[in-house]
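K.L.:
What follows is the file structure06.cif, containing mmCIF, C-alpha atoms and all ligand atoms:
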data_query
#
loop_
_atom_site.label_atom_id
_atom_site.label_comp_id
_atom_site.auth_asym_id
_atom_site.auth_seq_id
_atom_site.Cartn_x
_atom_site.Cartn_y
_atom_site.Cartn_z
CA MET A 234 0.00 0.00 0.00
CA SER A 235 1.34 3.39 -0.99
CA THR A 236 1.72 5.93 1.75
CA ASP A 237 2.38 9.00 -0.37
CA THR A 238 0.12 12.02 -0.31
CA TYR A 239 -0.05 15.11 -2.53
CA ALA A 240 -1.31 18.63 -1.89
CA GLY A 241 -3.52 20.66 -4.21
CA PHE A 242 -4.41 24.37 -4.15
CA ASP A 243 -7.01 26.04 -6.35
CA LEU A 244 -7.06 29.85 -6.20
CA GLY A 245 -10.31 31.40 -7.37
CA GLY A 246 -11.58 34.97 -7.30
CA THR A 247 -13.70 34.22 -4.21
CA ASN A 248 -12.17 31.20 -2.47
CA LEU A 249 -8.85 29.46 -2.10
CA LYS A 250 -9.59 25.73 -2.00
CA PHE A 251 -6.98 23.26 -0.84
CA GLY A 252 -6.59 19.66 0.19
CA LEU A 253 -4.62 16.44 0.28
CA VAL A 254 -5.15 13.38 -1.91
CA ASP A 255 -3.71 9.90 -1.92
CA ASP A 256 -2.00 8.54 -5.02
CA LYS A 257 -5.39 7.46 -6.48
CA GLY A 258 -6.81 10.97 -6.17
CA ALA A 259 -9.08 10.26 -3.18
CA LEU A 260 -9.46 13.39 -1.03
CA LEU A 261 -8.05 12.89 2.46
CA VAL A 262 -8.41 16.49 3.63
CA LYS A 263 -10.23 19.40 2.02
CA ASP A 264 -11.13 22.93 3.03
CA SER A 265 -11.65 26.38 1.64
CA VAL A 266 -10.86 29.92 2.84
CA PRO A 267 -11.75 33.33 1.37
CA THR A 268 -9.25 34.59 -1.23
CA PRO A 269 -7.15 37.37 0.35
CA PRO A 270 -7.35 40.83 -1.24
CA THR A 271 -3.71 40.91 -2.39
CA VAL A 272 -1.46 38.38 -4.10
CA ALA A 273 1.25 38.87 -1.44
CA GLU A 274 -1.27 37.90 1.25
CA ALA A 275 -2.40 34.93 -0.86
CA MET A 276 1.20 33.66 -1.03
CA LYS A 277 1.58 33.98 2.75
CA LEU A 278 -1.73 32.21 3.29
CA ILE A 279 -0.67 29.35 1.01
CA GLY A 280 2.44 29.00 3.21
CA THR A 281 0.28 28.81 6.36
CA LEU A 282 -2.10 26.30 4.77
CA TRP A 283 0.86 24.26 3.54
CA ASP A 284 2.14 23.97 7.13
CA ARG A 285 -1.35 23.01 8.27
CA LEU A 286 -1.67 20.29 5.60
CA ASN A 287 1.70 18.84 6.60
CA LYS A 288 0.56 18.62 10.21
CA GLU A 289 -2.70 16.94 9.21
CA ALA A 290 -1.08 14.51 6.75
CA LYS A 291 -0.65 10.98 8.07
CA HIS A 292 2.07 10.32 5.49
CA PRO A 293 4.71 12.60 3.93
CA VAL A 294 3.44 15.08 1.35
CA LYS A 295 5.64 14.40 -1.68
CA ALA A 296 4.62 17.15 -4.09
CA ALA A 297 2.10 19.92 -4.63
CA GLY A 298 0.14 21.38 -7.52
CA LEU A 299 -1.37 24.86 -7.65
CA GLY A 300 -4.03 26.14 -10.03
CA PHE A 301 -4.26 29.88 -10.74
CA PRO A 302 -6.68 31.75 -12.96
CA GLY A 303 -5.27 33.33 -16.11
CA ILE A 304 -3.01 32.78 -19.07
CA PHE A 305 -0.09 30.78 -17.66
CA SER A 306 3.12 30.69 -19.68
CA LEU A 307 4.85 27.31 -19.56
CA LYS A 308 8.07 28.93 -20.75
CA ASP A 309 8.23 31.78 -18.22
CA ARG A 310 6.34 29.95 -15.43
CA LYS A 311 4.25 33.09 -14.97
CA ILE A 312 0.65 34.22 -15.30
CA PHE A 313 0.70 36.67 -18.21
CA GLN A 314 -2.88 37.87 -17.99
CA SER A 315 -5.49 37.18 -15.32
CA PRO A 316 -8.63 39.20 -16.16
CA ASN A 317 -10.33 38.25 -12.87
CA LEU A 318 -7.25 38.72 -10.63
CA PRO A 319 -5.23 41.44 -12.44
CA GLU A 320 -2.67 41.59 -9.64
CA LEU A 321 -1.38 38.20 -10.82
CA ASP A 322 -0.32 39.65 -14.20
CA ASN A 323 3.41 38.97 -14.62
CA PHE A 324 3.73 38.09 -10.93
CA ASP A 325 6.66 35.74 -10.30
CA LEU A 326 4.60 32.92 -8.80
CA THR A 327 7.26 30.25 -8.73
CA ALA A 328 9.77 32.40 -6.84
CA ALA A 329 7.13 33.54 -4.33
CA LEU A 330 5.79 30.01 -3.77
CA SER A 331 9.24 28.47 -3.36
CA LYS A 332 9.60 30.55 -0.19
CA GLU A 333 6.45 28.89 1.20
CA ILE A 334 6.46 25.30 -0.09
CA ASP A 335 9.41 23.04 0.64
CA VAL A 336 8.65 20.10 -1.69
CA PRO A 337 8.63 20.02 -5.52
CA PHE A 338 5.56 21.89 -6.79
CA TRP A 339 4.01 22.76 -10.13
CA VAL A 340 1.78 25.64 -11.14
CA ASP A 341 -0.69 25.72 -14.02
CA ASN A 342 -3.88 27.32 -15.20
CA ASP A 343 -6.78 26.41 -12.86
CA ALA A 344 -9.09 25.24 -15.66
CA ASN A 345 -6.39 22.93 -17.05
CA LEU A 346 -5.93 21.33 -13.64
CA ALA A 347 -9.70 20.92 -13.10
CA ALA A 348 -9.89 19.15 -16.48
CA TYR A 349 -6.97 16.96 -15.44
CA GLY A 350 -8.77 16.04 -12.19
CA GLU A 351 -12.00 15.12 -14.00
CA TRP A 352 -10.02 13.06 -16.49
CA LYS A 353 -7.96 11.19 -13.87
CA CYS A 354 -10.71 10.38 -11.40
CA GLY A 355 -13.99 12.05 -12.35
CA ALA A 356 -16.51 11.71 -15.18
CA GLY A 357 -13.75 11.66 -17.80
CA ARG A 358 -11.92 8.60 -16.53
CA GLY A 359 -10.63 6.32 -19.29
CA VAL A 360 -11.30 8.55 -22.31
CA GLN A 361 -8.61 9.62 -24.75
CA SER A 362 -10.13 12.97 -25.68
CA MET A 363 -12.35 15.32 -23.73
CA VAL A 364 -13.08 18.96 -23.07
CA HIS A 365 -13.99 20.13 -19.58
CA LEU A 366 -15.77 23.45 -19.19
CA THR A 367 -16.40 25.24 -15.91
CA VAL A 368 -19.35 27.62 -16.23
CA GLY A 369 -19.67 29.98 -13.28
CA THR A 370 -18.89 33.69 -12.93
CA GLY A 371 -16.54 33.11 -15.85
CA ILE A 372 -15.97 30.21 -18.23
CA GLY A 373 -12.77 28.18 -18.12
CA ALA A 374 -11.85 25.06 -20.03
CA GLY A 375 -9.15 22.43 -20.27
CA LEU A 376 -8.44 19.95 -23.04
CA ILE A 377 -7.40 16.31 -22.87
CA LEU A 378 -6.22 15.19 -26.31
CA ALA A 379 -4.59 11.92 -27.36
CA GLY A 380 -4.59 10.81 -23.72
CA ASP A 381 -2.84 13.82 -22.17
CA LEU A 382 -3.48 17.36 -21.00
CA TRP A 383 -3.10 19.61 -24.05
CA PRO A 384 -1.29 22.81 -23.02
CA GLY A 385 -0.79 24.28 -26.51
CA ALA A 386 2.54 25.61 -27.80
CA CYS A 387 3.07 28.03 -24.89
CA GLY A 388 0.53 26.83 -22.32
CA PHE A 389 -2.40 28.99 -23.47
CA ALA A 390 -4.73 26.34 -24.96
CA GLY A 391 -8.32 25.81 -23.85
CA GLU A 392 -9.51 29.42 -23.63
CA ILE A 393 -12.94 28.49 -24.93
CA GLY A 394 -14.42 31.17 -22.68
CA HIS A 395 -12.85 33.74 -24.99
CA ILE A 396 -13.87 32.48 -28.40
CA THR A 397 -16.33 34.82 -30.09
CA VAL A 398 -19.91 33.58 -30.13
CA ASN A 399 -21.57 36.96 -30.75
CA PRO A 400 -19.57 39.46 -32.86
CA GLU A 401 -21.78 42.32 -31.64
CA GLY A 402 -21.84 41.15 -28.01
CA ASP A 403 -20.68 42.76 -24.78
CA ARG A 404 -17.11 43.96 -24.19
CA CYS A 405 -14.99 41.35 -22.40
CA LYS A 406 -12.22 41.86 -19.85
CA CYS A 407 -9.85 40.04 -22.24
CA GLY A 408 -10.10 42.94 -24.70
CA SER A 409 -12.44 41.28 -27.20
CA GLN A 410 -16.22 41.38 -27.32
CA GLY A 411 -19.01 38.83 -27.49
CA CYS A 412 -16.86 36.10 -25.92
CA LEU A 413 -18.56 32.94 -24.68
CA GLU A 414 -17.80 34.17 -21.15
CA THR A 415 -19.63 37.48 -21.64
CA GLU A 416 -22.64 35.76 -23.27
CA ALA A 417 -23.17 32.59 -21.24
CA ALA A 418 -21.71 32.94 -17.71
CA ALA A 419 -23.72 33.76 -14.57
CA PRO A 420 -23.54 37.61 -14.77
CA LYS A 421 -25.08 37.55 -18.27
CA ILE A 422 -27.90 35.24 -17.17
CA VAL A 423 -28.74 37.83 -14.50
CA ARG A 424 -28.53 40.67 -17.02
CA ASN A 425 -30.75 38.75 -19.45
CA TYR A 426 -33.34 38.43 -16.72
CA MET A 427 -33.13 42.10 -15.71
CA ASP A 428 -33.56 43.16 -19.36
CA LEU A 429 -36.40 40.74 -20.09
CA SER A 430 -38.33 41.48 -16.90
CA ARG A 431 -37.44 45.21 -16.98
CA THR A 432 -36.26 45.04 -13.40
CA LYS A 433 -33.49 47.33 -12.12
CA LYS A 434 -32.94 45.51 -8.83
CA PRO A 435 -29.78 43.36 -9.02
CA LEU A 436 -30.14 39.71 -8.03
CA ALA A 437 -28.07 36.53 -7.98
CA ALA A 438 -28.07 33.89 -10.72
CA GLU A 439 -29.40 31.45 -8.11
CA GLU A 440 -32.46 33.68 -7.64
CA VAL A 441 -33.06 33.69 -11.41
CA PHE A 442 -32.86 29.89 -11.25
CA GLN A 443 -35.43 29.76 -8.43
CA LYS A 444 -37.77 31.91 -10.54
CA ALA A 445 -37.20 29.63 -13.54
CA LEU A 446 -38.10 26.60 -11.39
CA LYS A 447 -41.40 28.28 -10.49
CA GLY A 448 -42.18 28.72 -14.18
CA ASN A 449 -41.18 32.38 -14.64
CA THR A 450 -40.94 32.81 -18.43
CA ALA A 451 -38.32 35.61 -18.37
CA ALA A 452 -36.12 33.58 -16.01
CA ARG A 453 -36.34 30.46 -18.17
CA LYS A 454 -35.57 32.50 -21.28
CA SER A 455 -32.54 34.07 -19.55
CA PHE A 456 -31.00 30.62 -19.17
CA ALA A 457 -32.08 29.51 -22.67
CA ILE A 458 -30.41 32.53 -24.34
CA ALA A 459 -27.14 31.87 -22.47
CA GLY A 460 -27.49 28.15 -23.27
CA GLN A 461 -27.83 28.91 -26.96
CA TYR A 462 -24.51 30.77 -26.95
CA LEU A 463 -22.90 27.93 -25.01
CA GLY A 464 -24.26 25.56 -27.67
CA ILE A 465 -22.66 27.62 -30.46
CA ALA A 466 -19.30 27.17 -28.69
CA LEU A 467 -19.90 23.44 -28.13
CA GLY A 468 -20.69 23.06 -31.83
CA VAL A 469 -17.31 24.64 -32.67
CA VAL A 470 -15.53 22.39 -30.16
CA ILE A 471 -17.23 19.26 -31.53
CA ASN A 472 -16.44 20.12 -35.16
CA LEU A 473 -12.86 21.11 -34.36
CA LEU A 474 -11.79 18.31 -32.01
CA ASN A 475 -14.30 15.45 -32.40
CA PRO A 476 -13.95 14.76 -28.64
CA GLU A 477 -15.26 11.64 -26.93
CA LYS A 478 -16.73 13.69 -24.11
CA ILE A 479 -17.58 17.24 -23.18
CA LEU A 480 -17.94 17.66 -19.41
CA LEU A 481 -19.75 20.68 -18.01
CA GLY A 482 -19.11 21.77 -14.43
CA GLY A 483 -19.28 24.95 -12.34
CA GLY A 484 -22.04 26.73 -10.43
CA VAL A 485 -24.23 27.49 -13.46
CA MET A 486 -24.41 23.80 -14.37
CA THR A 487 -26.12 23.04 -11.06
CA THR A 488 -29.13 25.07 -12.18
CA GLY A 489 -31.21 22.26 -13.66
CA ASP A 490 -31.62 21.75 -17.39
CA PHE A 491 -32.75 25.24 -18.43
CA LEU A 492 -29.31 26.09 -19.80
CA LEU A 493 -28.02 22.59 -20.56
CA LYS A 494 -30.94 21.60 -22.80
CA ALA A 495 -30.68 24.80 -24.87
CA ALA A 496 -26.92 24.27 -25.19
CA VAL A 497 -27.18 20.65 -26.32
CA ASP A 498 -29.97 21.48 -28.82
CA GLU A 499 -27.93 24.31 -30.31
CA ALA A 500 -24.75 22.20 -30.49
CA GLN A 501 -26.72 19.48 -32.29
CA ARG A 502 -28.10 22.02 -34.73
CA ARG A 503 -24.64 23.38 -35.57
CA ALA A 504 -22.17 20.46 -35.38
CA TYR A 505 -21.72 17.73 -37.98
CA LYS A 506 -24.18 15.00 -37.09
CA ALA A 507 -21.57 12.23 -37.09
CA SER A 508 -19.28 14.20 -34.76
CA PHE A 509 -22.17 15.23 -32.47
CA ASP A 510 -23.37 11.60 -32.24
CA CYS A 511 -19.83 10.52 -31.34
CA CYS A 512 -19.60 12.96 -28.43
CA SER A 513 -21.19 12.48 -25.05
CA ILE A 514 -22.10 15.81 -23.37
CA GLU A 515 -22.33 15.22 -19.62
CA ARG A 516 -22.20 16.98 -16.31
CA ALA A 517 -18.77 16.87 -14.63
CA GLY A 518 -18.42 14.50 -11.68
CA LEU A 519 -16.14 16.07 -9.06
CA GLY A 520 -18.01 19.33 -8.47
CA ASN A 521 -15.98 21.98 -6.65
CA ASP A 522 -13.23 19.46 -5.84
CA ALA A 523 -11.99 19.02 -9.44
CA GLY A 524 -9.43 21.85 -9.18
CA VAL A 525 -7.86 20.67 -5.92
CA ILE A 526 -7.78 16.98 -6.93
CA GLY A 527 -6.43 17.85 -10.39
CA ALA A 528 -3.74 20.15 -8.96
CA ALA A 529 -2.56 17.52 -6.46
CA LEU A 530 -2.48 14.73 -9.08
CA TRP A 531 -0.69 17.07 -11.49
CA GLY A 532 1.99 17.54 -8.84
CA LYS A 533 2.22 13.77 -8.48
CA GLU A 534 2.49 13.20 -12.24
CA GLN A 535 5.15 15.89 -12.73
CA LEU A 536 7.16 14.51 -9.81
CA SER A 537 7.16 11.01 -11.31
CA LYS A 538 8.21 12.44 -14.70
CA LYS A 539 11.03 14.35 -13.04
CA ARG A 540 12.19 11.22 -11.20
CA GLY A 541 11.96 9.24 -14.44
CA LYS A 542 14.38 11.68 -16.06
CA SER A 543 16.92 11.83 -13.25
ZN ZN B 1 -12.99 37.45 -23.65
#
Output the structure of this file as structure tokens.
Ligand SMILES: [Zn+2]
P.N.:
Amino acid sequence: MSTDTYAGFDLGGTNLKFGLVDDKGALLVKDSVPTPPTVAEAMKLIGTLWDRLNKEAKHPVKAAGLGFPGIFSLKDRKIFQSPNLPELDNFDLTAALSKEIDVPFWVDNDANLAAYGEWKCGAGRGVQSMVHLTVGTGIGAGLILAGDLWPGACGFAGEIGHITVNPEGDRCKCGSQGCLETEAAAPKIVRNYMDLSRTKKPLAAEEVFQKALKGNTAARKSFAIAGQYLGIALGVVINLLNPEKILLGGGVMTTGDFLLKAAVDEAQRRAYKASFDCCSIERAGLGNDAGVIGAALWGKEQLSKKRGKS
């Protein structure tokens, strides 16, 4: 029986999730704390949590993985652009983290690591090709192609949230407009509802969902419009990659079928039939834990590659 454990950290705009897994990816410890207001404080907090995980671990923690939001350069080991946490732009993560973590660790884009987690021990287990999308306040995605995480030439692959689905759509933080993220994530669902119902009072996406459940037409339509844009993107993904699976996770995907059904219908309408029929569109399996599990297993995998080389 193996006694090794691995640590995973998943930094989001709202929460920093962290935990320990065994070598099969089973969570041994998990917790979440609010994301500190500055990156310097986040680094310090990761150091404190790292010490805590080591105390809680029954066996030595061999490696760690950390997922951060933004465009992560494999070459420079830096986040180049993080629209939701701008303070991370060009921040020297590896140097800062090496002061806090005293085992080998690896950093990558959070959506890539969530996809890796779903592939290794979630709903994507055993497939050779899949796309994992997280639909929440933003939209992130990671690609598994030919049986491995696909980083792209420089580490920037999988930014499905920033492909154009509506050329005349809203301005996006990335600099473009009408991105999937501006048209189909939670803030747009809320705005759709406020426009359709002519209400000026802000509300949460969850409240729009509750209204949709009670049969509110404007609320249902708000999800359907966002779902249609998501479906346009899924159609592109299916035609481009012919993946075995598309997994959909994130807070918005817990809101029943109002969005999912519209997305699947639209993808079917737009993709080649043969490729659509070949692809299974499913909900992701690990929920909020995908990022932490994926990060920890990524640390494990990179450590074994490193040992293989030396
Ligand atoms: Zn964008």
K.L.:
For ligand ZN 1 (chain B), list the contacting residues at 8 Å or closer, counting only C-alpha atoms and all ligand atoms, as a ChimeraX atom specification.
P.N.:
/A:394-397,404-415
K.L.:
Write out, as a PDB file, in the frame of the given file, the residues just selected, with C-alpha atoms.
P.N.:
ATOM      1  CA  GLY A 394     -14.420  31.170 -22.680  1.00  0.00           C
ATOM      2  CA  HIS A 395     -12.850  33.740 -24.990  1.00  0.00           C
ATOM      3  CA  ILE A 396     -13.870  32.480 -28.400  1.00  0.00           C
ATOM      4  CA  THR A 397     -16.330  34.820 -30.090  1.00  0.00           C
ATOM      5  CA  ARG A 404     -17.110  43.960 -24.190  1.00  0.00           C
ATOM      6  CA  CYS A 405     -14.990  41.350 -22.400  1.00  0.00           C
ATOM      7  CA  LYS A 406     -12.220  41.860 -19.850  1.00  0.00           C
ATOM      8  CA  CYS A 407      -9.850  40.040 -22.240  1.00  0.00           C
ATOM      9  CA  GLY A 408     -10.100  42.940 -24.700  1.00  0.00           C
ATOM     10  CA  SER A 409     -12.440  41.280 -27.200  1.00  0.00           C
ATOM     11  CA  GLN A 410     -16.220  41.380 -27.320  1.00  0.00           C
ATOM     12  CA  GLY A 411     -19.010  38.830 -27.490  1.00  0.00           C
ATOM     13  CA  CYS A 412     -16.860  36.100 -25.920  1.00  0.00           C
ATOM     14  CA  LEU A 413     -18.560  32.940 -24.680  1.00  0.00           C
ATOM     15  CA  GLU A 414     -17.800  34.170 -21.150  1.00  0.00           C
ATOM     16  CA  THR A 415     -19.630  37.480 -21.640  1.00  0.00           C
TER      17      THR A 415
END
K.L.:
List every protein, DNA or RNA residue that has an atom no more than 8 Å from (0.2, 16.1, -0.6) in the file's coordinate frame, counting all atoms listed in the file, and report them as a ChimeraX atom specification.
P.N.:
/A:237-241,252-255,286-287,290,293-297,529
K.L.:
Which residue is closest to Met363 (chain A)? Choose from A:Met486, A:Leu299, A:Ile526, A:Val470 and count all atoms listed in the file.
P.N.:
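Residue with the minimum atom-to-atom distance to Met363 (chain A): A:Val470.
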K.L.:
What does the distance between CA of Lys421 (chain A) and CA of Leu318 (chain A) come to in Å, to one decimal place?
P.N.:
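Separating CA of Lys421 (chain A) from CA of Leu318 (chain A) is a distance of 19.4 Å.
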K.L.:
Kindly give the distance, in Å, that separates CA of Asn248 (chain A) and CA of Leu493 (chain A), rounded to a single decimal.
P.N.:
25.5 Å
K.L.:
List the spatial neighbours of region 518-522 of chain A as a PyMOL selection string - criterion: any atom at most 6 Å away, all atoms listed in the file, same-chain residues fewer than 2 positions off excluded.
P.N.:
chain A and resi 355-356+524-525
K.L.:
By how many Å are CA of Asn399 (chain A) and CA of Tyr462 (chain A) apart?
P.N.:
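CA of Tyr462 (chain A) lies 7.8 Å from CA of Asn399 (chain A).
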K.L.:
Hey, what's within 9 Å of Asn425 (chain A) if we count only C-alpha atoms and toss same-chain stuff fewer than 6 positions away? As a PyMOL selection string, please?
P.N.:
chain A and resi 451-452+454-456+458-459
K.L.:
For Gly482 (chain A), which residue among A:Asn449, A:Ser537, A:Ser430, A:Thr367 is the nearest when counting all atoms listed in the file?
P.N.:
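For Gly482 (chain A), the nearest of the given residues is A:Thr367.
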K.L.:
Under the rule of at most 6 Å, produce a per-residue listing of region 277-327 of chain A near region 339-352 of chain A: chain, number, name, the closest pair of atoms, and the distance in Å, as a Markdown table, using all atoms listed in the file.
P.N.:
| residue | atom | partner | partner_atom | distance |
| --- | --- | --- | --- | --- |
| A:Gly298 | CA | A:Trp339 | CA | 4.9 |
| A:Leu299 | CA | A:Val340 | CA | 4.8 |
| A:Gly300 | CA | A:Asp343 | CA | 4.0 |
| A:Phe301 | CA | A:Asp343 | CA | 4.8 |
| A:Pro302 | CA | A:Asp343 | CA | 5.3 |
| A:Phe305 | CA | A:Asn342 | CA | 5.7 |
K.L.:
Save out the residues we just selected, C-alpha atoms, as a PDB file, keeping the file's coordinate frame.
P.N.:
ATOM      1  CA  GLY A 298       0.140  21.380  -7.520  1.00  0.00           C
ATOM      2  CA  LEU A 299      -1.370  24.860  -7.650  1.00  0.00           C
ATOM      3  CA  GLY A 300      -4.030  26.140 -10.030  1.00  0.00           C
ATOM      4  CA  PHE A 301      -4.260  29.880 -10.740  1.00  0.00           C
ATOM      5  CA  PRO A 302      -6.680  31.750 -12.960  1.00  0.00           C
ATOM      6  CA  PHE A 305      -0.090  30.780 -17.660  1.00  0.00           C
TER       7      PHE A 305
END
K.L.:
Quick one: what's the axis-aligned box for region 420-433 of chain A, all listed atoms, 8 Å on every side, centre and edges in Å to one decimal, as lines of an AutoDock Vina configuration file?
P.N.:
center_x = -30.9
center_y = 41.3
center_z = -16.1
size_x = 30.8
size_y = 28.1
size_z = 24.0
K.L.:
With only C-alpha atoms as the counted atoms, please give the residues lying no more than 9 Å from Ala419 (chain A), apart from itself and same-chain residues fewer than 5 positions off, as a short mmCIF file (atom, residue, chain, number, x, y, z; two decimals) with C-alpha atoms, in the coordinates of the input.
P.N.:
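Writing done, so here's selection-v1.cif:
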data_model
loop_
_atom_site.label_atom_id
_atom_site.label_comp_id
_atom_site.auth_asym_id
_atom_site.auth_seq_id
_atom_site.Cartn_x
_atom_site.Cartn_y
_atom_site.Cartn_z
CA VAL A 368 -19.35 27.62 -16.23
CA GLY A 369 -19.67 29.98 -13.28
CA THR A 370 -18.89 33.69 -12.93
CA GLY A 371 -16.54 33.11 -15.85
CA GLU A 414 -17.80 34.17 -21.15
CA ARG A 424 -28.53 40.67 -17.02
CA ALA A 437 -28.07 36.53 -7.98
CA ALA A 438 -28.07 33.89 -10.72
CA GLU A 439 -29.40 31.45 -8.11
CA ALA A 459 -27.14 31.87 -22.47
CA GLY A 484 -22.04 26.73 -10.43
CA VAL A 485 -24.23 27.49 -13.46
#
K.L.:
Would you mind telling me which residue in A:Leu530, A:Ala328, A:Ile372, A:Ala445 lies nearest to Pro316 (chain A) when using all atoms listed in the file?
P.N.:
A:Ile372
K.L.:
Output file request: region 532-539 of chain A, with all heavy atoms, as an mmCIF file, in the first residue's frame.
P.N.:
data_model
loop_
_atom_site.group_PDB
_atom_site.id
_atom_site.type_symbol
_atom_site.label_atom_id
_atom_site.label_comp_id
_atom_site.auth_asym_id
_atom_site.auth_seq_id
_atom_site.Cartn_x
_atom_site.Cartn_y
_atom_site.Cartn_z
ATOM 1 N N GLY A 532 0.733 17.526 -9.576
ATOM 2 C CA GLY A 532 1.991 17.542 -8.837
ATOM 3 C C GLY A 532 2.599 16.150 -8.792
ATOM 4 O O GLY A 532 3.799 15.960 -9.013
ATOM 5 N N LYS A 533 1.746 15.159 -8.535
ATOM 6 C CA LYS A 533 2.218 13.766 -8.479
ATOM 7 C C LYS A 533 2.813 13.328 -9.831
ATOM 8 O O LYS A 533 3.898 12.766 -9.905
ATOM 9 C CB LYS A 533 1.029 12.863 -8.113
ATOM 10 C CG LYS A 533 1.383 11.405 -8.113
ATOM 11 C CD LYS A 533 0.153 10.525 -8.076
ATOM 12 C CE LYS A 533 0.583 9.104 -8.346
ATOM 13 N NZ LYS A 533 -0.333 8.342 -9.141
ATOM 14 N N GLU A 534 2.052 13.620 -10.891
ATOM 15 C CA GLU A 534 2.485 13.200 -12.237
ATOM 16 C C GLU A 534 3.813 13.871 -12.628
ATOM 17 O O GLU A 534 4.718 13.237 -13.154
ATOM 18 C CB GLU A 534 1.380 13.567 -13.235
ATOM 19 C CG GLU A 534 1.848 13.664 -14.660
ATOM 20 C CD GLU A 534 1.304 12.579 -15.547
ATOM 21 O OE1 GLU A 534 0.563 11.719 -15.056
ATOM 22 O OE2 GLU A 534 1.643 12.612 -16.744
ATOM 23 N N GLN A 535 3.924 15.172 -12.357
ATOM 24 C CA GLN A 535 5.150 15.890 -12.725
ATOM 25 C C GLN A 535 6.338 15.379 -11.910
ATOM 26 O O GLN A 535 7.445 15.271 -12.423
ATOM 27 C CB GLN A 535 4.984 17.404 -12.521
ATOM 28 C CG GLN A 535 3.876 18.023 -13.363
ATOM 29 C CD GLN A 535 3.990 17.667 -14.839
ATOM 30 O OE1 GLN A 535 5.027 17.842 -15.454
ATOM 31 N NE2 GLN A 535 2.917 17.139 -15.410
ATOM 32 N N LEU A 536 6.086 15.037 -10.645
ATOM 33 C CA LEU A 536 7.164 14.506 -9.808
ATOM 34 C C LEU A 536 7.668 13.179 -10.368
ATOM 35 O O LEU A 536 8.875 12.934 -10.446
ATOM 36 C CB LEU A 536 6.684 14.323 -8.363
ATOM 37 C CG LEU A 536 7.731 13.790 -7.395
ATOM 38 C CD1 LEU A 536 8.836 14.817 -7.163
ATOM 39 C CD2 LEU A 536 7.101 13.411 -6.057
ATOM 40 N N SER A 537 6.721 12.325 -10.794
ATOM 41 C CA SER A 537 7.160 11.013 -11.306
ATOM 42 C C SER A 537 7.890 11.177 -12.633
ATOM 43 O O SER A 537 8.850 10.450 -12.904
ATOM 44 C CB SER A 537 5.990 10.030 -11.408
ATOM 45 O OG SER A 537 5.169 10.370 -12.469
ATOM 46 N N LYS A 538 7.487 12.182 -13.450
ATOM 47 C CA LYS A 538 8.212 12.440 -14.704
ATOM 48 C C LYS A 538 9.638 12.913 -14.404
ATOM 49 O O LYS A 538 10.592 12.520 -15.047
ATOM 50 C CB LYS A 538 7.493 13.529 -15.514
ATOM 51 C CG LYS A 538 6.375 13.005 -16.383
ATOM 52 C CD LYS A 538 5.857 14.114 -17.286
ATOM 53 C CE LYS A 538 4.620 13.658 -18.034
ATOM 54 N NZ LYS A 538 3.878 14.789 -18.571
ATOM 55 N N LYS A 539 9.740 13.790 -13.415
ATOM 56 C CA LYS A 539 11.032 14.349 -13.038
ATOM 57 C C LYS A 539 11.963 13.221 -12.543
ATOM 58 O O LYS A 539 13.132 13.159 -12.904
ATOM 59 C CB LYS A 539 10.812 15.382 -11.924
ATOM 60 C CG LYS A 539 11.998 16.244 -11.613
ATOM 61 C CD LYS A 539 11.638 17.220 -10.519
ATOM 62 C CE LYS A 539 12.899 17.755 -9.889
ATOM 63 N NZ LYS A 539 12.631 18.523 -8.680
#
